[in-house]
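Asks: I'm passing along structure10.txt; it holds compact mmCIF, C-alpha atoms and all ligand atoms.
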```txt
# COMPACT_ATOMS: atom_id res chain seq x y z
CA MET M 93 62.81 64.12 118.42
CA ASN M 94 61.53 62.99 121.82
CA PRO M 95 57.71 62.88 121.51
CA PHE M 96 57.13 62.71 125.28
CA PHE M 97 59.22 65.82 125.97
CA THR M 98 57.79 67.93 123.14
CA LYS M 99 54.18 66.82 123.58
CA ASN M 100 54.13 67.40 127.35
CA LEU M 101 55.93 70.69 127.08
CA LEU M 102 53.33 71.98 124.61
CA ALA M 103 50.48 70.61 126.72
CA TRP M 104 51.88 72.41 129.77
CA ASN M 105 52.11 75.58 127.69
CA GLN M 106 48.51 75.32 126.59
CA ASP M 107 46.92 74.38 129.91
CA LEU M 108 49.13 75.70 132.68
CA ASN M 109 51.43 78.40 131.40
CA THR M 110 50.13 81.69 132.76
CA ARG M 111 53.29 83.74 132.24
CA MET M 112 52.24 87.09 130.76
CA MET M 113 54.53 89.36 128.77
CA PRO M 114 53.45 92.27 126.55
CA TRP M 115 55.36 90.96 123.54
CA LYS M 116 53.96 87.43 123.80
CA GLY M 117 52.15 86.42 120.61
CA GLU M 118 53.57 89.51 118.90
CA LYS M 119 54.12 89.00 115.17
CA ASP M 120 55.77 92.29 114.29
CA PRO M 121 59.48 91.44 113.82
CA TYR M 122 60.51 94.97 114.82
CA LYS M 123 58.81 94.72 118.22
CA ILE M 124 60.08 91.17 118.75
CA TRP M 125 63.59 92.35 117.91
CA ILE M 126 63.40 95.25 120.41
CA SER M 127 62.10 92.96 123.16
CA GLU M 128 64.74 90.29 122.51
CA ILE M 129 67.62 92.77 122.47
CA ILE M 130 66.40 94.31 125.75
CA LEU M 131 66.07 90.85 127.30
CA GLN M 132 69.54 89.71 126.20
CA GLN M 133 71.07 90.78 129.50
CA THR M 134 68.12 92.12 131.45
CA ARG M 135 65.48 90.54 133.68
CA VAL M 136 61.93 90.60 132.31
CA GLU M 137 60.62 92.81 135.16
CA GLN M 138 63.22 95.49 134.48
CA GLY M 139 63.06 95.15 130.68
CA LEU M 140 59.30 95.63 130.52
CA ARG M 141 59.36 99.35 131.28
CA TYR M 142 62.08 99.95 128.71
CA TYR M 143 60.29 97.92 126.05
CA GLU M 144 57.13 99.95 126.48
CA LYS M 145 59.02 103.26 126.43
CA PHE M 146 60.90 102.22 123.30
CA ILE M 147 57.85 101.08 121.39
CA GLN M 148 55.89 104.19 122.36
CA THR M 149 58.71 106.53 121.40
CA PHE M 150 59.87 104.69 118.27
CA SER M 151 56.89 102.84 116.87
CA THR M 152 58.63 101.79 113.64
CA VAL M 153 62.13 100.79 112.67
CA CYS M 154 62.52 104.01 110.64
CA SER M 155 61.47 106.24 113.53
CA LEU M 156 64.27 104.61 115.54
CA ALA M 157 66.69 104.91 112.62
CA HIS M 158 66.04 108.66 112.28
CA ALA M 159 66.17 109.48 115.99
CA PRO M 160 69.11 111.50 117.36
CA GLU M 161 71.64 109.12 118.92
CA GLN M 162 71.62 110.99 122.23
CA ASP M 163 67.84 110.50 122.62
CA VAL M 164 68.09 106.78 122.00
CA PHE M 165 70.90 106.35 124.54
CA LYS M 166 68.97 108.48 127.03
CA LEU M 167 66.04 106.08 126.71
CA TRP M 168 68.40 103.14 127.25
CA GLU M 169 70.01 104.76 130.30
CA GLY M 170 70.11 102.42 133.29
CA LEU M 171 69.69 99.24 131.25
CA GLY M 172 73.43 98.56 130.95
CA TYR M 173 75.35 96.75 128.19
CA TYR M 174 75.22 99.83 126.02
CA SER M 175 76.71 98.11 122.98
CA ARG M 176 73.20 96.65 122.58
CA CYS M 177 71.82 100.15 122.09
CA LYS M 178 74.56 101.07 119.63
CA ASN M 179 73.93 97.89 117.60
CA LEU M 180 70.19 98.51 117.68
CA LEU M 181 70.69 101.91 116.09
CA THR M 182 73.15 100.60 113.48
CA SER M 183 70.75 97.82 112.48
CA ALA M 184 67.71 100.13 112.45
CA ARG M 185 69.55 102.49 110.09
CA PHE M 186 70.60 99.57 107.89
CA ILE M 187 67.03 98.22 107.66
CA CYS M 188 65.56 101.65 107.02
CA ASP M 189 68.15 102.85 104.50
CA GLN M 190 69.26 99.64 102.75
CA LEU M 191 66.14 97.47 103.00
CA ASN M 192 63.53 100.24 102.57
CA GLY M 193 62.33 99.73 106.14
CA LYS M 194 61.39 96.07 105.55
CA PHE M 195 62.60 93.82 108.35
CA PRO M 196 64.58 90.81 106.97
CA ASP M 197 62.53 87.61 106.87
CA THR M 198 65.06 84.79 106.65
CA TYR M 199 67.10 83.42 109.56
CA GLU M 200 70.39 84.11 107.76
CA GLU M 201 69.55 87.75 107.04
CA ILE M 202 68.24 88.35 110.56
CA ARG M 203 71.42 86.77 111.97
CA GLU M 204 73.49 89.24 109.97
CA LEU M 205 72.04 92.25 111.79
CA LYS M 206 74.49 93.77 114.21
CA GLY M 207 73.96 92.59 117.77
CA VAL M 208 71.80 89.63 116.73
CA GLY M 209 73.21 86.25 117.73
CA ALA M 210 71.88 82.76 117.08
CA TYR M 211 69.40 82.91 119.97
CA THR M 212 67.85 86.25 118.98
CA ALA M 213 67.74 85.30 115.30
CA ALA M 214 65.92 82.05 116.15
CA ALA M 215 63.46 83.92 118.37
CA ILE M 216 62.63 86.51 115.68
CA ALA M 217 62.53 83.94 112.85
CA SER M 218 60.21 81.60 114.75
CA PHE M 219 57.95 84.19 116.45
CA ALA M 220 57.49 86.49 113.46
CA TYR M 221 57.73 84.06 110.54
CA GLN M 222 57.19 80.54 112.03
CA LEU M 223 60.58 79.44 110.72
CA PRO M 224 61.88 76.19 112.30
CA TYR M 225 64.80 77.46 114.42
CA ALA M 226 65.13 76.44 118.05
CA VAL M 227 66.12 79.04 120.65
CA VAL M 228 69.07 78.03 122.83
CA ASP M 229 70.02 80.14 125.84
CA GLY M 230 70.90 79.47 129.48
CA ASN M 231 67.27 78.67 130.29
CA VAL M 232 66.92 76.15 127.49
CA MET M 233 70.30 74.50 128.18
CA ARG M 234 69.39 74.11 131.86
CA VAL M 235 66.14 72.32 130.98
CA LEU M 236 67.87 70.03 128.47
CA SER M 237 70.85 69.34 130.71
CA ARG M 238 68.53 68.24 133.53
CA TYR M 239 65.91 66.39 131.52
CA PHE M 240 68.51 64.34 129.65
CA SER M 241 71.05 64.37 132.53
CA ILE M 242 73.79 65.79 130.32
CA SER M 243 77.10 66.55 132.04
CA GLU M 244 78.57 68.59 129.18
CA PRO M 245 79.31 72.12 130.52
CA VAL M 246 76.98 74.77 129.12
CA ASP M 247 79.67 77.44 128.82
CA THR M 248 82.01 75.74 126.34
CA THR M 249 81.88 75.78 122.53
CA GLU M 250 81.52 71.99 122.50
CA GLY M 251 78.72 72.12 125.04
CA LYS M 252 76.80 74.82 123.19
CA LYS M 253 77.09 72.84 119.98
CA LYS M 254 75.69 69.75 121.62
CA TYR M 255 72.75 71.58 123.24
CA THR M 256 71.98 73.41 119.99
CA GLN M 257 71.84 70.13 118.10
CA LEU M 258 69.56 68.58 120.71
CA ALA M 259 67.30 71.66 120.86
CA GLY M 260 66.94 71.51 117.06
CA ASP M 261 65.97 67.81 117.24
CA LEU M 262 63.30 68.49 119.86
CA LEU M 263 61.75 71.48 118.11
CA ASP M 264 58.16 71.10 116.91
CA ARG M 265 58.72 72.16 113.32
CA GLU M 266 55.03 72.75 112.70
CA ARG M 267 54.73 75.19 115.62
CA PRO M 268 58.24 76.55 116.28
CA ASP M 269 56.86 79.81 117.75
CA LEU M 270 54.74 78.02 120.34
CA TYR M 271 57.44 75.51 121.13
CA ASN M 272 60.16 78.14 121.62
CA GLN M 273 57.97 80.28 123.82
CA ALA M 274 56.97 77.18 125.80
CA ILE M 275 60.52 76.03 126.56
CA MET M 276 61.62 79.55 127.51
CA ASP M 277 58.69 79.96 129.89
CA PHE M 278 59.14 76.45 131.25
CA GLY M 279 62.78 77.21 132.13
CA ALA M 280 61.73 80.47 133.76
CA VAL M 281 58.83 79.23 135.89
CA VAL M 282 59.16 75.42 136.37
CA CYS M 283 62.70 74.20 135.74
CA LYS M 284 64.14 77.31 137.42
CA PRO M 285 67.82 77.73 138.31
CA GLN M 286 67.07 77.57 142.04
CA GLN M 287 64.33 75.42 143.53
CA PRO M 288 62.89 73.91 140.35
CA ALA M 289 59.27 72.83 140.78
CA CYS M 290 59.96 69.11 140.21
CA THR M 291 57.02 67.88 142.27
CA ARG M 292 54.50 69.50 139.92
CA CYS M 293 56.57 69.19 136.75
CA PRO M 294 54.74 67.65 133.77
CA LEU M 295 58.05 66.27 132.47
CA GLN M 296 59.05 64.63 135.74
CA SER M 297 58.37 61.01 134.72
CA GLY M 298 60.84 61.30 131.85
CA CYS M 299 63.41 63.50 133.60
CA LEU M 300 66.72 61.68 134.05
CA ALA M 301 68.24 64.19 136.48
CA TYR M 302 65.19 63.79 138.71
CA LYS M 303 65.47 59.98 138.61
CA GLN M 304 69.20 60.10 139.30
CA GLY M 305 69.01 62.79 142.02
CA ARG M 306 71.18 65.18 139.96
CA VAL M 307 68.77 68.10 139.60
CA HIS M 308 70.73 70.52 141.79
CA GLU M 309 74.05 69.50 140.29
CA LEU M 310 73.02 70.35 136.71
CA PRO M 311 73.76 72.17 134.49
CA LEU M 312 77.54 72.03 134.89
CA LYS M 313 79.81 74.96 134.14
CA LYS M 314 83.52 75.19 133.54
CA LYS M 315 85.22 77.23 136.23
CA GLY M 316 84.24 80.90 136.08
CA VAL M 317 86.50 83.61 134.71
CA ARG M 318 88.18 85.95 137.15
CA LYS M 319 86.66 89.41 137.16
CA ARG M 320 88.78 92.39 136.26
CA SER M 321 88.93 95.15 138.90
CA ARG M 322 88.92 98.79 137.79
CA TRP M 323 89.30 101.92 139.89
CA LEU M 324 87.82 105.14 138.55
CA TYR M 325 88.23 108.55 140.08
CA TYR M 326 85.78 111.02 138.59
CA PHE M 327 86.51 114.72 138.92
CA VAL M 328 83.34 116.77 138.67
CA ILE M 329 84.96 119.95 137.41
CA ILE M 330 82.72 123.00 137.67
CA TYR M 331 83.38 126.43 136.20
CA GLN M 332 80.84 129.23 136.51
CA GLY M 333 78.11 126.74 137.37
CA GLU M 334 78.83 124.49 134.39
CA VAL M 335 80.14 120.94 134.61
CA CYS M 336 82.71 119.42 132.22
CA ILE M 337 81.52 116.24 130.53
CA ARG M 338 82.49 114.23 127.48
CA LYS M 339 81.29 111.26 125.51
CA ARG M 340 83.11 107.98 126.10
CA THR M 341 84.64 106.54 122.94
CA GLY M 342 86.74 103.47 122.17
CA ARG M 343 85.75 99.86 122.58
CA ASP M 344 85.18 99.82 126.30
CA ILE M 345 82.32 99.72 128.77
CA TRP M 346 79.81 102.58 128.55
CA GLU M 347 80.79 103.55 125.01
CA ASN M 348 78.74 106.56 123.76
CA LEU M 349 77.62 107.48 127.27
CA TYR M 350 78.85 110.61 129.01
CA GLU M 351 81.22 110.99 131.92
CA PHE M 352 83.13 113.57 133.97
CA VAL M 353 86.88 114.07 133.90
CA LEU M 354 88.25 110.61 134.58
CA GLN M 355 91.41 109.29 136.13
CA GLU M 356 91.55 105.51 135.94
CA VAL M 357 94.22 103.69 137.93
CA ASP M 358 95.33 100.07 138.37
CA THR M 359 95.42 100.23 142.15
CA PRO M 360 93.41 102.60 144.32
CA PHE M 361 95.07 105.46 146.16
CA PHE M 362 94.04 107.38 149.27
CA ILE M 363 92.29 110.28 147.55
CA GLU M 364 91.42 111.93 150.88
CA ASP M 365 95.14 112.70 151.31
CA GLU M 366 95.25 116.43 150.45
CA SER M 367 98.72 116.36 148.88
CA VAL M 368 97.98 113.28 146.76
CA LEU M 369 94.75 114.85 145.54
CA GLN M 370 96.41 118.19 144.79
CA GLN M 371 99.11 116.41 142.81
CA ASN M 372 96.57 114.44 140.74
CA LEU M 373 94.50 117.54 140.05
CA ARG M 374 97.58 119.49 138.98
CA ALA M 375 98.37 116.74 136.47
CA LEU M 376 94.82 117.02 135.09
CA LEU M 377 94.32 120.79 135.20
CA GLY M 378 97.77 122.30 134.78
CA HIS M 379 98.28 125.65 136.52
CA THR M 380 94.63 126.65 136.78
CA ASP M 381 93.58 127.44 140.36
CA PHE M 382 90.84 125.40 141.92
CA THR M 383 89.02 124.62 145.15
CA ILE M 384 88.15 121.08 146.19
CA ARG M 385 84.49 121.01 147.28
CA THR M 386 83.56 117.44 148.18
CA ILE M 387 84.81 113.88 148.01
CA SER M 388 82.09 111.25 147.71
CA HIS M 389 81.88 107.93 149.45
CA GLU M 390 82.95 104.87 147.50
CA TYR M 391 80.72 103.65 144.67
CA ARG M 392 80.85 100.13 143.31
CA GLN M 393 79.19 98.39 140.41
CA GLU M 394 79.40 94.74 139.42
CA LEU M 395 79.42 94.19 135.67
CA THR M 396 79.56 90.74 134.08
CA HIS M 397 83.33 90.61 133.73
CA GLN M 398 84.42 93.63 135.72
CA THR M 399 84.07 95.19 139.14
CA VAL M 400 84.16 98.98 138.96
CA THR M 401 84.92 100.96 142.09
CA GLY M 402 85.46 104.68 142.42
CA LYS M 403 84.84 108.05 143.99
CA PHE M 404 83.69 111.44 142.80
CA VAL M 405 85.56 114.62 143.65
CA GLU M 406 83.79 117.93 143.06
CA VAL M 407 86.19 120.70 142.12
CA GLU M 408 85.46 124.40 141.47
CA LEU M 409 87.73 126.04 138.90
CA HIS M 410 88.74 129.70 139.29
CA ALA M 411 89.46 130.04 135.56
CA PRO M 412 88.95 127.82 132.50
CA SER M 413 91.63 125.17 132.10
CA PRO M 414 93.20 124.72 128.64
CA HIS M 415 93.67 121.04 129.55
CA LEU M 416 89.93 120.49 129.33
CA SER M 417 89.37 121.61 125.77
CA GLY M 418 87.90 118.25 124.76
CA TYR M 419 85.05 118.60 127.26
CA GLU M 420 81.60 120.15 126.85
CA ARG M 421 80.48 122.54 129.59
CA VAL M 422 76.91 121.87 130.65
CA SER M 423 74.75 123.46 133.34
CA ARG M 424 73.77 121.19 136.20
CA PRO M 425 70.05 120.96 135.22
CA ALA M 426 70.99 120.21 131.59
CA LEU M 427 72.89 117.10 132.70
CA ASP M 428 69.50 115.37 132.72
CA GLN M 429 69.45 115.41 128.94
CA TYR M 430 72.62 113.36 128.60
CA PRO M 431 72.88 109.59 128.93
CA PHE M 432 75.25 108.53 131.73
CA PRO M 433 76.19 105.07 132.99
CA ARG M 434 74.44 103.91 136.14
CA PHE M 435 77.68 104.35 138.06
CA ILE M 436 77.36 108.13 137.48
CA THR M 437 73.57 108.53 137.67
CA ARG M 438 73.68 107.02 141.17
CA TYR M 439 76.15 109.70 142.19
CA LEU M 440 74.05 112.42 140.52
CA GLN M 441 70.89 111.24 142.27
CA ASN M 442 72.68 111.44 145.61
CA THR M 443 73.86 114.97 145.01
CA VAL M 444 70.67 116.67 143.83
CA ASP M 445 70.65 120.12 145.39
S1 LIG F 501 61.59 67.22 136.98
FE1 LIG F 501 62.62 69.02 137.82
S2 LIG F 501 64.60 68.98 136.84
FE2 LIG F 501 63.32 67.62 135.66
S3 LIG F 501 62.52 68.91 134.02
FE3 LIG F 501 61.05 68.95 135.69
S4 LIG F 501 61.57 70.75 136.90
FE4 LIG F 501 63.32 70.30 135.58
```
Hey, can you dump this file as structure tokens for me?
Ligand code: SF4
Replies:
Amino acid sequence: MNPFFTKNLLAWNQDLNTRMMPWKGEKDPYKIWISEIILQQTRVEQGLRYYEKFIQTFSTVCSLAHAPEQDVFKLWEGLGYYSRCKNLLTSARFICDQLNGKFPDTYEEIRELKGVGAYTAAAIASFAYQLPYAVVDGNVMRVLSRYFSISEPVDTTEGKKKYTQLAGDLLDRERPDLYNQAIMDFGAVVCKPQQPACTRCPLQSGCLAYKQGRVHELPLKKKGVRKRSRWLYYFVIIYQGEVCIRKRTGRDIWENLYEFVLQEVDTPFFIEDESVLQQNLRALLGHTDFTIRTISHEYRQELTHQTVTGKFVEVELHAPSPHLSGYERVSRPALDQYPFPRFITRYLQNTVD
């Protein structure tokens, strides 16, 4: 416990913290859970819209549990990290079916829900039930690393352990909800990643990084991981006005979302070369005749650990291809009802007739 740190943080929260969020002060564990899952990898400004849509559409855990999967993914469309949505549904069904719709009320049980890690469990346990668990995420570790001038990297198991221990020691056990909200907000608006507001910081007189001139050096990270590059060629195969799509399966990005006929390669090829393109299409479609309509410009999307690059080739079939039996055929307007990854919705938005 560091009385100066905790006391001044709470005083700042009471007198100066003007950060508004619709779920602030919320006590309903279901709503807190939805907001925390959305915010796991999403900025507050973007997450807000989705939170409101979710709560309006599925006002209780059982209404979410009973919703058709496609509708839930459609609502999540554009938010990315779709495994969050899948886990949300799995957990909602578990709570509704196995726990009679009653949200678990101990840290351990909350932590057992699919998609709920230590941070989210601490947030739900403290906000909904005032249980004494400290939240520890990048924001919190940055504040602690600077205030205590800790050089331990924040992205190692050892580092996380150390910051978790320290965060637990600092927690105000009488008011864990207030304290957790205060440190999260403080990291977001005062001790920010770039240009922290040290000159008006209420913790400045005790801040070791400030005294030692290390503010911009901390927190430290171990060297970043190299991103994997993926090249996707999407063939938008159309027959009699209907487009072939299928649901992505397997443990990969965009699981449960829909896509066109895909050819993924390790190194890109020059798809504009007519003979190369013909050859690739033959491999995909067999002997069915086709006409190539358009080739898109290059699309790129940066994911956390991957860079995805690709193009879209629109192809008109002259007859159905037996090679595409695993695909659904959907009219162009009906595509709107299916959830697609952002990589594909960007292409669709650019090709609206
Ligand atoms: S003085 Fe600067 S670095 Fe230290 S806690 Fe305040 S904002 Fe963060």
Asks: Between M:Thr401, M:Ala274, M:Lys313, M:Tyr142, which one has atoms that come closest to M:Ala103, using all atoms listed in the file?
Replies: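 Closest to M:Ala103, using all atoms listed in the file: M:Ala274.
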Asks: Go ahead and compute the interatomic distance for atom CA of M:His389 and atom CA of M:Val405, in Å to one decimal.
Replies: 9.6 Å
Asks: Determine, using all atoms listed in the file, which residues of chain M have any atom at most 8 Å from an atom of ligand LIG 501 (chain F), and tabulate each with its shortest atom pair and distance in Å to one decimal place, rows ordered by chain and then rising number, as a Markdown table.
Replies:
```
| residue | atom | partner | partner_atom | distance |
| --- | --- | --- | --- | --- |
| M:Val235 | CA | F:LIG501 | FE4 | 5.8 |
| M:Leu236 | CA | F:LIG501 | S3 | 7.8 |
| M:Arg238 | CA | F:LIG501 | S2 | 5.2 |
| M:Tyr239 | CA | F:LIG501 | S3 | 4.9 |
| M:Gly279 | CA | F:LIG501 | FE4 | 7.7 |
| M:Val282 | CA | F:LIG501 | S4 | 5.3 |
| M:Cys283 | CA | F:LIG501 | S4 | 3.8 |
| M:Lys284 | CA | F:LIG501 | S4 | 7.1 |
| M:Pro288 | CA | F:LIG501 | S4 | 4.9 |
| M:Ala289 | CA | F:LIG501 | S4 | 5.0 |
| M:Cys290 | CA | F:LIG501 | FE1 | 3.6 |
| M:Thr291 | CA | F:LIG501 | S1 | 7.0 |
| M:Arg292 | CA | F:LIG501 | S4 | 7.8 |
| M:Cys293 | CA | F:LIG501 | FE3 | 4.6 |
| M:Pro294 | CA | F:LIG501 | FE3 | 6.7 |
| M:Leu295 | CA | F:LIG501 | FE3 | 5.2 |
| M:Gln296 | CA | F:LIG501 | S1 | 3.8 |
| M:Ser297 | CA | F:LIG501 | S1 | 7.4 |
| M:Gly298 | CA | F:LIG501 | FE2 | 7.8 |
| M:Cys299 | CA | F:LIG501 | FE2 | 4.6 |
| M:Leu300 | CA | F:LIG501 | FE2 | 7.0 |
| M:Ala301 | CA | F:LIG501 | S2 | 6.0 |
| M:Tyr302 | CA | F:LIG501 | FE2 | 5.2 |
| M:Val307 | CA | F:LIG501 | S2 | 5.1 |
```
Asks: Nearest to M:Gly209: which of M:Val246, M:Leu409, M:Trp125, M:Gly170 is it, counting all atoms listed in the file?
Replies: M:Trp125
Asks: Tell me which of M:Asn109, M:Ser423, M:Gln190, M:Gln286 sits closest to M:Cys154, counting all atoms listed in the file.
Replies: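 Using all atoms listed in the file, the shortest distance to M:Cys154 belongs to M:Gln190.
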Asks: Counting all atoms listed in the file, figure out which residue out of M:Ile147, M:Ile345, M:Ala213, M:Val407 gets nearest to M:Leu395.
Replies: M:Ile345
Asks: Record the distance separating atom CA of M:Leu376 and atom CA of M:Gln355, expressed in Å with one decimal.
Replies: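 Here the two named atoms are 8.5 Å from each other.
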Asks: Distance table requested - stretch 291-405 of chain M against stretch 419-422 of chain M, cut-off 10 Å, only C-alpha atoms: one row per qualifying residue with the closest atom pair and its distance in Å to one decimal, ordered by chain and rising residue number, as a tab-separated table.
Replies:
```
residue	atom	partner	partner_atom	distance
M:Ile329	CA	M:Arg421	CA	9.4
M:Ile330	CA	M:Arg421	CA	8.4
M:Tyr331	CA	M:Arg421	CA	8.2
M:Gln332	CA	M:Arg421	CA	9.6
M:Gly333	CA	M:Val422	CA	8.4
M:Glu334	CA	M:Val422	CA	5.0
M:Val335	CA	M:Val422	CA	5.2
M:Cys336	CA	M:Arg421	CA	4.7
M:Ile337	CA	M:Tyr419	CA	5.4
M:Arg338	CA	M:Tyr419	CA	5.1
M:Lys339	CA	M:Tyr419	CA	8.4
M:Glu351	CA	M:Tyr419	CA	9.7
M:Phe352	CA	M:Tyr419	CA	8.6
M:Val353	CA	M:Tyr419	CA	8.2
```
Asks: Once you have the residues from the selection above, write them out as a compact mmCIF listing (two decimals), keeping the file's coordinate frame, restricted to C-alpha atoms.
Replies:
```txt
# COMPACT_ATOMS: atom_id res chain seq x y z
CA ILE M 329 84.96 119.95 137.41
CA ILE M 330 82.72 123.00 137.67
CA TYR M 331 83.38 126.43 136.20
CA GLN M 332 80.84 129.23 136.51
CA GLY M 333 78.11 126.74 137.37
CA GLU M 334 78.83 124.49 134.39
CA VAL M 335 80.14 120.94 134.61
CA CYS M 336 82.71 119.42 132.22
CA ILE M 337 81.52 116.24 130.53
CA ARG M 338 82.49 114.23 127.48
CA LYS M 339 81.29 111.26 125.51
CA GLU M 351 81.22 110.99 131.92
CA PHE M 352 83.13 113.57 133.97
CA VAL M 353 86.88 114.07 133.90
```
Asks: Atom CA of M:Asp264 to atom CA of M:Met276: how many Å, to one decimal?
Replies: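 If I compute the distance from atom CA of M:Asp264 to atom CA of M:Met276, I get 14.0 Å.
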Asks: List as a ChimeraX atom specification the protein and nucleic acid residues near M:Arg267, meaning an atom at most 12 Å away when all atoms listed in the file are counted, but skip any in the same chain fewer than 3 places from it.
Replies: /M:98-99,102,218-226,262-264,270-274
Asks: List as a tab-separated table (two decimals) with C-alpha atoms, keeping the file's coordinate frame the protein and nucleic acid residues near M:Leu377, meaning an atom at most 8 Å away when all atoms listed in the file are counted, but skip any in the same chain fewer than 4 places from it.
Replies:
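The resulting file, around-v3.tsv, is reproduced below:
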```
chain	number	residue	atom	x	y	z
M	373	LEU	CA	94.50	117.54	140.05
M	413	SER	CA	91.63	125.17	132.10
M	414	PRO	CA	93.20	124.72	128.64
M	415	HIS	CA	93.67	121.04	129.55
M	416	LEU	CA	89.93	120.49	129.33
```
Asks: Skipping near chain neighbours, those fewer than 4 positions away, what residues fall within 12 Å of M:Tyr439 using all atoms listed in the file, listed as a ChimeraX atom specification?
Replies: /M:326-328,351-352,387-393,402-406,432-435,443-444
Asks: Please determine the residues with any atom at most 10 Å from (76.0, 102.1, 129.9) (coordinates as given in the file, with only C-alpha atoms counting) and report them as a count of residues only.
Replies: 25
Asks: Kindly indicate which residue among M:Asp229, M:Asp269, M:Glu309, M:Asp428 lies nearest to M:Gly251, using all atoms listed in the file for the distances.
Replies: M:Asp229
Asks: Please reconstruct the missing atoms of stretch 134-153 of chain M (target: N, CA and C atoms) and return them as a compact mmCIF listing (two decimals), keeping the file's coordinate frame.
Replies:
```txt
# COMPACT_ATOMS: atom_id res chain seq x y z
N THR M 134 68.95 91.42 130.49
CA THR M 134 68.12 92.12 131.45
C THR M 134 66.98 91.24 131.91
N ARG M 135 66.62 91.32 133.17
CA ARG M 135 65.48 90.54 133.68
C ARG M 135 64.18 91.10 133.09
N VAL M 136 63.20 90.21 132.93
CA VAL M 136 61.93 90.60 132.31
C VAL M 136 61.30 91.79 133.03
N GLU M 137 61.28 91.74 134.38
CA GLU M 137 60.62 92.81 135.16
C GLU M 137 61.24 94.17 134.86
N GLN M 138 62.57 94.21 134.76
CA GLN M 138 63.22 95.49 134.48
C GLN M 138 63.04 95.88 133.01
N GLY M 139 63.11 94.88 132.12
CA GLY M 139 63.06 95.15 130.68
C GLY M 139 61.71 95.68 130.21
N LEU M 140 60.67 95.26 130.90
CA LEU M 140 59.30 95.63 130.52
C LEU M 140 59.10 97.13 130.31
N ARG M 141 59.51 97.88 131.33
CA ARG M 141 59.36 99.35 131.28
C ARG M 141 60.06 99.92 130.06
N TYR M 142 61.28 99.42 129.81
CA TYR M 142 62.08 99.95 128.71
C TYR M 142 61.45 99.58 127.37
N TYR M 143 60.93 98.36 127.29
CA TYR M 143 60.29 97.92 126.05
C TYR M 143 59.13 98.86 125.73
N GLU M 144 58.31 99.11 126.73
CA GLU M 144 57.13 99.95 126.48
C GLU M 144 57.54 101.37 126.08
N LYS M 145 58.55 101.92 126.77
CA LYS M 145 59.02 103.26 126.43
C LYS M 145 59.54 103.29 125.00
N PHE M 146 60.31 102.27 124.64
CA PHE M 146 60.90 102.22 123.30
C PHE M 146 59.84 102.17 122.21
N ILE M 147 58.87 101.27 122.41
CA ILE M 147 57.85 101.08 121.39
C ILE M 147 56.96 102.32 121.27
N GLN M 148 56.70 102.96 122.41
CA GLN M 148 55.89 104.19 122.36
C GLN M 148 56.64 105.31 121.66
N THR M 149 57.94 105.43 121.96
CA THR M 149 58.71 106.53 121.40
C THR M 149 59.07 106.28 119.93
N PHE M 150 59.47 105.04 119.65
CA PHE M 150 59.87 104.69 118.27
C PHE M 150 58.98 103.55 117.80
N SER M 151 57.87 103.89 117.19
CA SER M 151 56.89 102.84 116.87
C SER M 151 57.26 102.04 115.63
N THR M 152 58.19 102.55 114.83
CA THR M 152 58.63 101.79 113.64
C THR M 152 60.15 101.79 113.59
N VAL M 153 60.67 100.89 112.78
CA VAL M 153 62.13 100.79 112.67
C VAL M 153 62.72 102.09 112.11
```
